[in-house]
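Structure first, then comments.
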Amino acid sequence: MTNTDRRREFGAYLAGLRRHSGRSQRQFAAVLCAVSGAQSITRNEVSRWERGERIPDVWLSTFAQVLGVPLHELEQAAAYARGDAQATLPGIAATLADLLPDGDALEPLAAPCGRRIGATTVDGLAARVHGLRLADDVLPGGDLIVPAFRELRAAVRLYRESEHSEETGRGLLVQIGELGQIAGWIASDAGRSEDAECAYRLGISAARQAGDAVLVAQLAGSLGYHLTNSGREREGLELARAAVEEAGPDAPATTRALFLDRMAWAHTRAGEAQPALRALGEAHAALDATDGPPAPSWAYWVNREELEVMDARVFTELRRPLRAVPLLQDVLGRYDATHAREVALYRSWLAVALADANEPEQAAEEARRVIDASGDLSSERTAERARAVLHRLKEYEDVPEAREVLADYGHLLLA
């Protein structure tokens with residue numbers, strides 16, 4: 001792990017402590033000033049610490065007092081961020097490789113040592129998996145990665161070590177597949193790219209063993225989306241196509257729409273405009289289908305509104321702001337404000353589209369909203385989008401509103 005990775009994890013650790021105390025970044029800065037008697041700590045300085053740009057060594061004793069955390073724990077965390085090989089970050093989730101057994105992680109033990117389980121156990125696991133999904137709607141990846149990995153490890157252990165029927169075993173594999181998907185999504189949001197890829201691939205293996213083609217497609221599409229957004233556009237496009245093919249034309253309407261939407265995004269990032277627009281149209285047509293099997297529970301969030309967001313993202317990426325701006329404004333006017341990460345992400349696309357439409361004043365206003373919201377989220381997705389918006393505003397440095405935003409937040413571009 002690089003020192004940059006360590007510093008980023010240290011920043012996420014500090015952010016988690018601050019959020020647990022119930023304070024925003026501005027409130028935390030104000031309390032630190034009050035306790036220390038200094039006036040030099042600002043919300044921007046807290047943001048730099050939480051992004052791992054700086055290590056607040058001289059402030060650790062004040063942190064300990066304000067947050068109620070033992071000083072030695074904070075000192076250990078700071079040593080970890082500086083690259084001390086003997087130091088560990090308190091409370092950090094282990095990598096997925098550390099959590100799983102050597103060899104085939106899904107190979108049952110020759111002589112199971114656990115109790116015999118049945119459908120009730122599988123139902124309980126399914127409820128917890130869905131609870132993680134619902135939590136992800138309102139919490140960023142940095143806050144959920146530990147419980148997500150804990151559930152995934154426990155589910156794999158339960159499958160390998162317990163006695164169960166073939167039907168119960170299949171049910172467990174399905175839940176491991178679903179856990180692999182949500183854990184991969186959470187890890188990706190937390191900036192843990194390798195863990196995300198590992199979780200997705202484990203989930204694919206479990207879903208294949210369970211014979212659930214639609215879940216295999218969901219995992220392949222999720223992994224493809226992750227790779228597409230990680231600079232591996234051709235691999236992402238191949239997986240997006242594979243997901244559509246794996247699910248087939250008889251998949252539930254909402255899932256087929258989702259897989260086609262991801263394929264549209266993969267084509268967009270690969271610079272293929274016409275295939276992207278065709279896939280968007282096919283996604284809407286799929287969602288309109290009234291026949292076919294019911295959708296699985298994990299597709300509860302797929303609806304017309306979400307497809308319109310992807311439409312707008314594709315239009316923005318293709319530099320078609322006249323189509324993107326009204327779509328995003330309409331969706332944001334109706335979107336649930338409790339979904340803070342998604343609202344910040346969608347506003348970031350709106351800011352870029354407004355800049356493309358030569359509306360830098362409005363773009364700067366949206367940019368400030370994006371950055372103010374993302375500062376309180378332990379989400380690498382929102383942090384990356386905040387940087388993308390700032391890069392776009394640099395083309396309008398001669399506009400006072402854009403110049404002010406860059407003066408206030410330009411340091412984020414150094415992250």
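Following the order of the structure tokens, chains are lettered A, B, ..., residues in each are numbered from 1, and ligands are numbered from 1.
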
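The shell of residues at most 12 Å from Glu245 of chain A, with only C-alpha atoms counted and near chain neighbours (fewer than 2 positions) removed, consists of Ala213, Val214, Val216, Ala217, Gln218, Ala220, Gly221, Glu238, Leu239, Ala240, Arg241, Ala242, Ala243, Ala247, Gly248, Pro249, Asp250, Ala251, Arg256, Phe259, Leu260 and Met263 of chain A.
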
Kindly export the residues of the current selection with all heavy atoms, as a compact mmCIF listing (two decimals), in the first residue's frame.
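Everything below was put into part_31.txt:
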# COMPACT_ATOMS: atom_id res chain seq x y z
N ALA A 213 -28.51 -16.56 -13.11
CA ALA A 213 -27.92 -15.82 -14.24
C ALA A 213 -28.11 -14.32 -14.11
O ALA A 213 -27.23 -13.53 -14.48
CB ALA A 213 -28.50 -16.33 -15.55
N VAL A 214 -29.27 -13.89 -13.62
CA VAL A 214 -29.53 -12.46 -13.50
C VAL A 214 -28.61 -11.83 -12.45
O VAL A 214 -28.10 -10.72 -12.63
CB VAL A 214 -31.01 -12.20 -13.18
CG1 VAL A 214 -31.25 -10.71 -12.95
CG2 VAL A 214 -31.90 -12.70 -14.31
N VAL A 216 -25.63 -13.04 -11.67
CA VAL A 216 -24.31 -13.01 -12.32
C VAL A 216 -24.18 -11.76 -13.17
O VAL A 216 -23.16 -11.06 -13.15
CB VAL A 216 -24.09 -14.28 -13.17
CG1 VAL A 216 -22.80 -14.13 -14.01
CG2 VAL A 216 -23.99 -15.52 -12.30
N ALA A 217 -25.24 -11.44 -13.93
CA ALA A 217 -25.22 -10.25 -14.78
C ALA A 217 -25.12 -8.98 -13.95
O ALA A 217 -24.40 -8.04 -14.32
CB ALA A 217 -26.49 -10.22 -15.64
N GLN A 218 -25.81 -8.94 -12.81
CA GLN A 218 -25.74 -7.77 -11.94
C GLN A 218 -24.31 -7.55 -11.44
O GLN A 218 -23.79 -6.43 -11.44
CB GLN A 218 -26.71 -7.96 -10.76
CG GLN A 218 -26.42 -7.15 -9.51
CD GLN A 218 -26.73 -5.67 -9.62
OE1 GLN A 218 -26.61 -5.10 -10.70
NE2 GLN A 218 -27.09 -5.05 -8.52
N ALA A 220 -21.47 -8.81 -12.83
CA ALA A 220 -20.58 -8.51 -13.96
C ALA A 220 -20.76 -7.05 -14.39
O ALA A 220 -19.77 -6.34 -14.67
CB ALA A 220 -20.87 -9.45 -15.12
N GLY A 221 -22.02 -6.59 -14.43
CA GLY A 221 -22.27 -5.20 -14.79
C GLY A 221 -21.71 -4.23 -13.76
O GLY A 221 -21.19 -3.17 -14.11
N GLU A 238 -16.55 -4.51 -22.12
CA GLU A 238 -16.71 -5.95 -22.36
C GLU A 238 -17.60 -6.59 -21.29
O GLU A 238 -18.47 -7.42 -21.60
CB GLU A 238 -15.34 -6.62 -22.37
CG GLU A 238 -14.50 -6.30 -23.60
CD GLU A 238 -13.10 -6.87 -23.51
OE1 GLU A 238 -12.83 -7.64 -22.55
OE2 GLU A 238 -12.26 -6.55 -24.38
N LEU A 239 -17.40 -6.20 -20.04
CA LEU A 239 -18.22 -6.76 -18.97
C LEU A 239 -19.65 -6.25 -19.04
O LEU A 239 -20.59 -7.00 -18.74
CB LEU A 239 -17.60 -6.41 -17.61
CG LEU A 239 -16.46 -7.33 -17.16
CD1 LEU A 239 -15.71 -6.72 -15.99
CD2 LEU A 239 -17.00 -8.70 -16.77
N ALA A 240 -19.84 -5.00 -19.43
CA ALA A 240 -21.20 -4.46 -19.57
C ALA A 240 -21.96 -5.23 -20.64
O ALA A 240 -23.14 -5.58 -20.47
CB ALA A 240 -21.15 -2.98 -19.91
N ARG A 241 -21.31 -5.52 -21.76
CA ARG A 241 -21.94 -6.32 -22.81
C ARG A 241 -22.24 -7.73 -22.31
O ARG A 241 -23.31 -8.29 -22.59
CB ARG A 241 -21.02 -6.39 -24.03
CG ARG A 241 -20.94 -5.11 -24.84
CD ARG A 241 -19.87 -5.24 -25.89
NE ARG A 241 -19.86 -4.13 -26.84
CZ ARG A 241 -18.78 -3.77 -27.53
NH1 ARG A 241 -17.63 -4.43 -27.36
NH2 ARG A 241 -18.84 -2.77 -28.38
N ALA A 242 -21.26 -8.31 -21.60
CA ALA A 242 -21.44 -9.68 -21.09
C ALA A 242 -22.63 -9.75 -20.14
O ALA A 242 -23.36 -10.75 -20.12
CB ALA A 242 -20.17 -10.14 -20.40
N ALA A 243 -22.84 -8.69 -19.35
CA ALA A 243 -23.96 -8.68 -18.41
C ALA A 243 -25.29 -8.73 -19.15
O ALA A 243 -26.21 -9.47 -18.76
CB ALA A 243 -23.89 -7.44 -17.52
N ALA A 247 -27.84 -12.04 -18.85
CA ALA A 247 -29.21 -11.94 -18.37
C ALA A 247 -30.20 -12.41 -19.42
O ALA A 247 -31.22 -13.03 -19.11
CB ALA A 247 -29.51 -10.51 -17.96
N GLY A 248 -29.91 -12.09 -20.68
CA GLY A 248 -30.79 -12.51 -21.77
C GLY A 248 -32.03 -11.66 -21.91
O GLY A 248 -32.35 -10.82 -21.05
N PRO A 249 -32.76 -11.86 -23.01
CA PRO A 249 -33.94 -11.02 -23.28
C PRO A 249 -35.12 -11.27 -22.35
O PRO A 249 -36.05 -10.47 -22.31
CB PRO A 249 -34.29 -11.39 -24.73
CG PRO A 249 -33.76 -12.78 -24.90
CD PRO A 249 -32.51 -12.84 -24.07
N ASP A 250 -35.10 -12.38 -21.62
CA ASP A 250 -36.23 -12.71 -20.74
C ASP A 250 -35.99 -12.30 -19.29
O ASP A 250 -36.77 -12.67 -18.41
CB ASP A 250 -36.53 -14.22 -20.81
CG ASP A 250 -36.93 -14.67 -22.21
OD1 ASP A 250 -37.60 -13.88 -22.89
OD2 ASP A 250 -36.55 -15.79 -22.60
N ALA A 251 -34.95 -11.54 -19.03
CA ALA A 251 -34.68 -11.07 -17.66
C ALA A 251 -35.77 -10.10 -17.24
O ALA A 251 -36.44 -9.50 -18.08
CB ALA A 251 -33.32 -10.39 -17.61
N ARG A 256 -32.98 -5.70 -16.84
CA ARG A 256 -32.50 -5.50 -18.21
C ARG A 256 -32.26 -4.01 -18.48
O ARG A 256 -31.26 -3.64 -19.11
CB ARG A 256 -33.49 -6.08 -19.20
CG ARG A 256 -33.00 -6.05 -20.63
CD ARG A 256 -33.78 -6.97 -21.55
NE ARG A 256 -33.38 -6.78 -22.93
CZ ARG A 256 -32.27 -7.26 -23.48
NH1 ARG A 256 -31.44 -7.99 -22.73
NH2 ARG A 256 -31.97 -7.05 -24.74
N PHE A 259 -28.93 -3.08 -16.84
CA PHE A 259 -27.74 -3.58 -17.53
C PHE A 259 -27.50 -2.79 -18.83
O PHE A 259 -26.36 -2.51 -19.19
CB PHE A 259 -27.89 -5.07 -17.84
CG PHE A 259 -28.18 -5.92 -16.62
CD1 PHE A 259 -28.92 -7.08 -16.72
CD2 PHE A 259 -27.72 -5.54 -15.37
CE1 PHE A 259 -29.20 -7.86 -15.62
CE2 PHE A 259 -27.99 -6.31 -14.24
CZ PHE A 259 -28.73 -7.47 -14.37
N LEU A 260 -28.57 -2.43 -19.52
CA LEU A 260 -28.43 -1.62 -20.73
C LEU A 260 -27.95 -0.21 -20.40
O LEU A 260 -27.17 0.39 -21.16
CB LEU A 260 -29.77 -1.57 -21.48
CG LEU A 260 -30.14 -2.87 -22.21
CD1 LEU A 260 -31.63 -2.87 -22.56
CD2 LEU A 260 -29.30 -3.05 -23.47
N MET A 263 -24.35 -0.35 -19.94
CA MET A 263 -23.68 -0.50 -21.23
C MET A 263 -23.60 0.86 -21.94
O MET A 263 -22.60 1.19 -22.58
CB MET A 263 -24.39 -1.52 -22.10
CG MET A 263 -23.60 -1.91 -23.35
SD MET A 263 -24.18 -3.41 -24.13
CE MET A 263 -25.68 -2.81 -24.92

* May I have the residues within 12 Å of Trp301 of chain A as a count of residues only, using only C-alpha atoms and disregarding those fewer than 3 positions away in the same chain? => 17

Checklist line | Backbone-only DSSP, alpha helix (DSSP H) members of segment 273-329 of chain A, as an MDAnalysis selection string | finding: chainID A and resid 273:288 304:317 321:329

Residue selection dump (N, CA and C atoms) as a compact mmCIF listing (two decimals), in the first residue's frame:
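Below you can see result.txt, which holds the result:
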# COMPACT_ATOMS: atom_id res chain seq x y z
N ALA A 273 -20.34 7.33 -29.15
CA ALA A 273 -21.57 8.07 -28.89
C ALA A 273 -22.82 7.36 -29.40
N GLN A 274 -22.82 6.92 -30.64
CA GLN A 274 -24.04 6.34 -31.20
C GLN A 274 -24.45 5.04 -30.50
N PRO A 275 -23.52 4.10 -30.24
CA PRO A 275 -23.91 2.92 -29.46
C PRO A 275 -24.43 3.29 -28.07
N ALA A 276 -23.87 4.33 -27.48
CA ALA A 276 -24.34 4.76 -26.16
C ALA A 276 -25.78 5.23 -26.22
N LEU A 277 -26.11 6.05 -27.21
CA LEU A 277 -27.47 6.56 -27.33
C LEU A 277 -28.46 5.44 -27.66
N ARG A 278 -28.03 4.48 -28.47
CA ARG A 278 -28.91 3.34 -28.76
C ARG A 278 -29.20 2.54 -27.48
N ALA A 279 -28.17 2.33 -26.67
CA ALA A 279 -28.35 1.57 -25.42
C ALA A 279 -29.28 2.30 -24.47
N LEU A 280 -29.21 3.64 -24.44
CA LEU A 280 -30.14 4.40 -23.60
C LEU A 280 -31.58 4.16 -24.04
N GLY A 281 -31.80 4.21 -25.34
CA GLY A 281 -33.15 3.97 -25.85
C GLY A 281 -33.64 2.57 -25.53
N GLU A 282 -32.76 1.59 -25.64
CA GLU A 282 -33.13 0.21 -25.32
C GLU A 282 -33.43 0.05 -23.84
N ALA A 283 -32.72 0.79 -23.00
CA ALA A 283 -32.97 0.72 -21.55
C ALA A 283 -34.37 1.23 -21.22
N HIS A 284 -34.76 2.33 -21.82
CA HIS A 284 -36.10 2.87 -21.58
C HIS A 284 -37.16 1.92 -22.12
N ALA A 285 -36.91 1.33 -23.27
CA ALA A 285 -37.87 0.38 -23.83
C ALA A 285 -38.00 -0.84 -22.93
N ALA A 286 -36.89 -1.29 -22.36
CA ALA A 286 -36.93 -2.45 -21.46
C ALA A 286 -37.75 -2.13 -20.22
N LEU A 287 -37.58 -0.93 -19.68
CA LEU A 287 -38.31 -0.57 -18.46
C LEU A 287 -39.81 -0.47 -18.73
N ASP A 288 -40.18 -0.16 -19.95
CA ASP A 288 -41.59 -0.03 -20.30
C ASP A 288 -42.28 -1.39 -20.45
N ARG A 304 -37.73 5.07 -13.57
CA ARG A 304 -37.60 6.05 -14.64
C ARG A 304 -36.67 7.19 -14.25
N GLU A 305 -36.74 7.63 -13.01
CA GLU A 305 -35.92 8.74 -12.54
C GLU A 305 -34.43 8.41 -12.65
N GLU A 306 -34.06 7.18 -12.23
CA GLU A 306 -32.66 6.78 -12.29
C GLU A 306 -32.17 6.67 -13.74
N LEU A 307 -33.04 6.20 -14.63
CA LEU A 307 -32.65 6.15 -16.05
C LEU A 307 -32.45 7.55 -16.61
N GLU A 308 -33.25 8.49 -16.17
CA GLU A 308 -33.09 9.86 -16.64
C GLU A 308 -31.77 10.46 -16.15
N VAL A 309 -31.35 10.08 -14.95
CA VAL A 309 -30.06 10.55 -14.46
C VAL A 309 -28.95 10.03 -15.36
N MET A 310 -29.00 8.75 -15.73
CA MET A 310 -27.98 8.21 -16.63
C MET A 310 -28.05 8.89 -18.00
N ASP A 311 -29.27 9.14 -18.49
CA ASP A 311 -29.40 9.89 -19.74
C ASP A 311 -28.61 11.20 -19.64
N ALA A 312 -28.85 11.92 -18.55
CA ALA A 312 -28.22 13.23 -18.38
C ALA A 312 -26.70 13.11 -18.26
N ARG A 313 -26.23 12.09 -17.59
CA ARG A 313 -24.78 11.88 -17.46
C ARG A 313 -24.16 11.61 -18.83
N VAL A 314 -24.82 10.77 -19.62
CA VAL A 314 -24.31 10.49 -20.96
C VAL A 314 -24.31 11.76 -21.80
N PHE A 315 -25.40 12.53 -21.75
CA PHE A 315 -25.46 13.77 -22.53
C PHE A 315 -24.37 14.74 -22.09
N THR A 316 -24.10 14.79 -20.78
CA THR A 316 -23.04 15.68 -20.28
C THR A 316 -21.69 15.23 -20.79
N GLU A 317 -21.42 13.95 -20.69
CA GLU A 317 -20.13 13.42 -21.15
C GLU A 317 -19.94 13.65 -22.65
N PRO A 321 -25.14 19.76 -23.48
CA PRO A 321 -25.73 20.34 -22.26
C PRO A 321 -27.19 20.74 -22.40
N LEU A 322 -27.63 21.10 -23.61
CA LEU A 322 -29.03 21.51 -23.75
C LEU A 322 -29.99 20.35 -23.45
N ARG A 323 -29.52 19.13 -23.57
CA ARG A 323 -30.33 17.98 -23.22
C ARG A 323 -30.10 17.57 -21.76
N ALA A 324 -28.87 17.78 -21.27
CA ALA A 324 -28.53 17.32 -19.92
C ALA A 324 -29.11 18.23 -18.83
N VAL A 325 -29.00 19.54 -19.01
CA VAL A 325 -29.36 20.47 -17.93
C VAL A 325 -30.82 20.34 -17.50
N PRO A 326 -31.80 20.40 -18.41
CA PRO A 326 -33.19 20.31 -17.94
C PRO A 326 -33.51 18.97 -17.29
N LEU A 327 -32.90 17.89 -17.77
CA LEU A 327 -33.13 16.58 -17.15
C LEU A 327 -32.64 16.59 -15.71
N LEU A 328 -31.42 17.05 -15.49
CA LEU A 328 -30.85 17.06 -14.14
C LEU A 328 -31.61 18.00 -13.21
N GLN A 329 -32.00 19.16 -13.70
CA GLN A 329 -32.75 20.10 -12.87
C GLN A 329 -34.09 19.50 -12.45

Interatomic distance, atom CA of Ala266 of chain A to atom CA of Ser188 of chain A (Å, one decimal)
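Between these atoms lies a distance of 16.8 Å.
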
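Taking atom CA of Leu390 of chain A and atom CA of Leu412 of chain A as the two end points, the separation is 8.4 Å.
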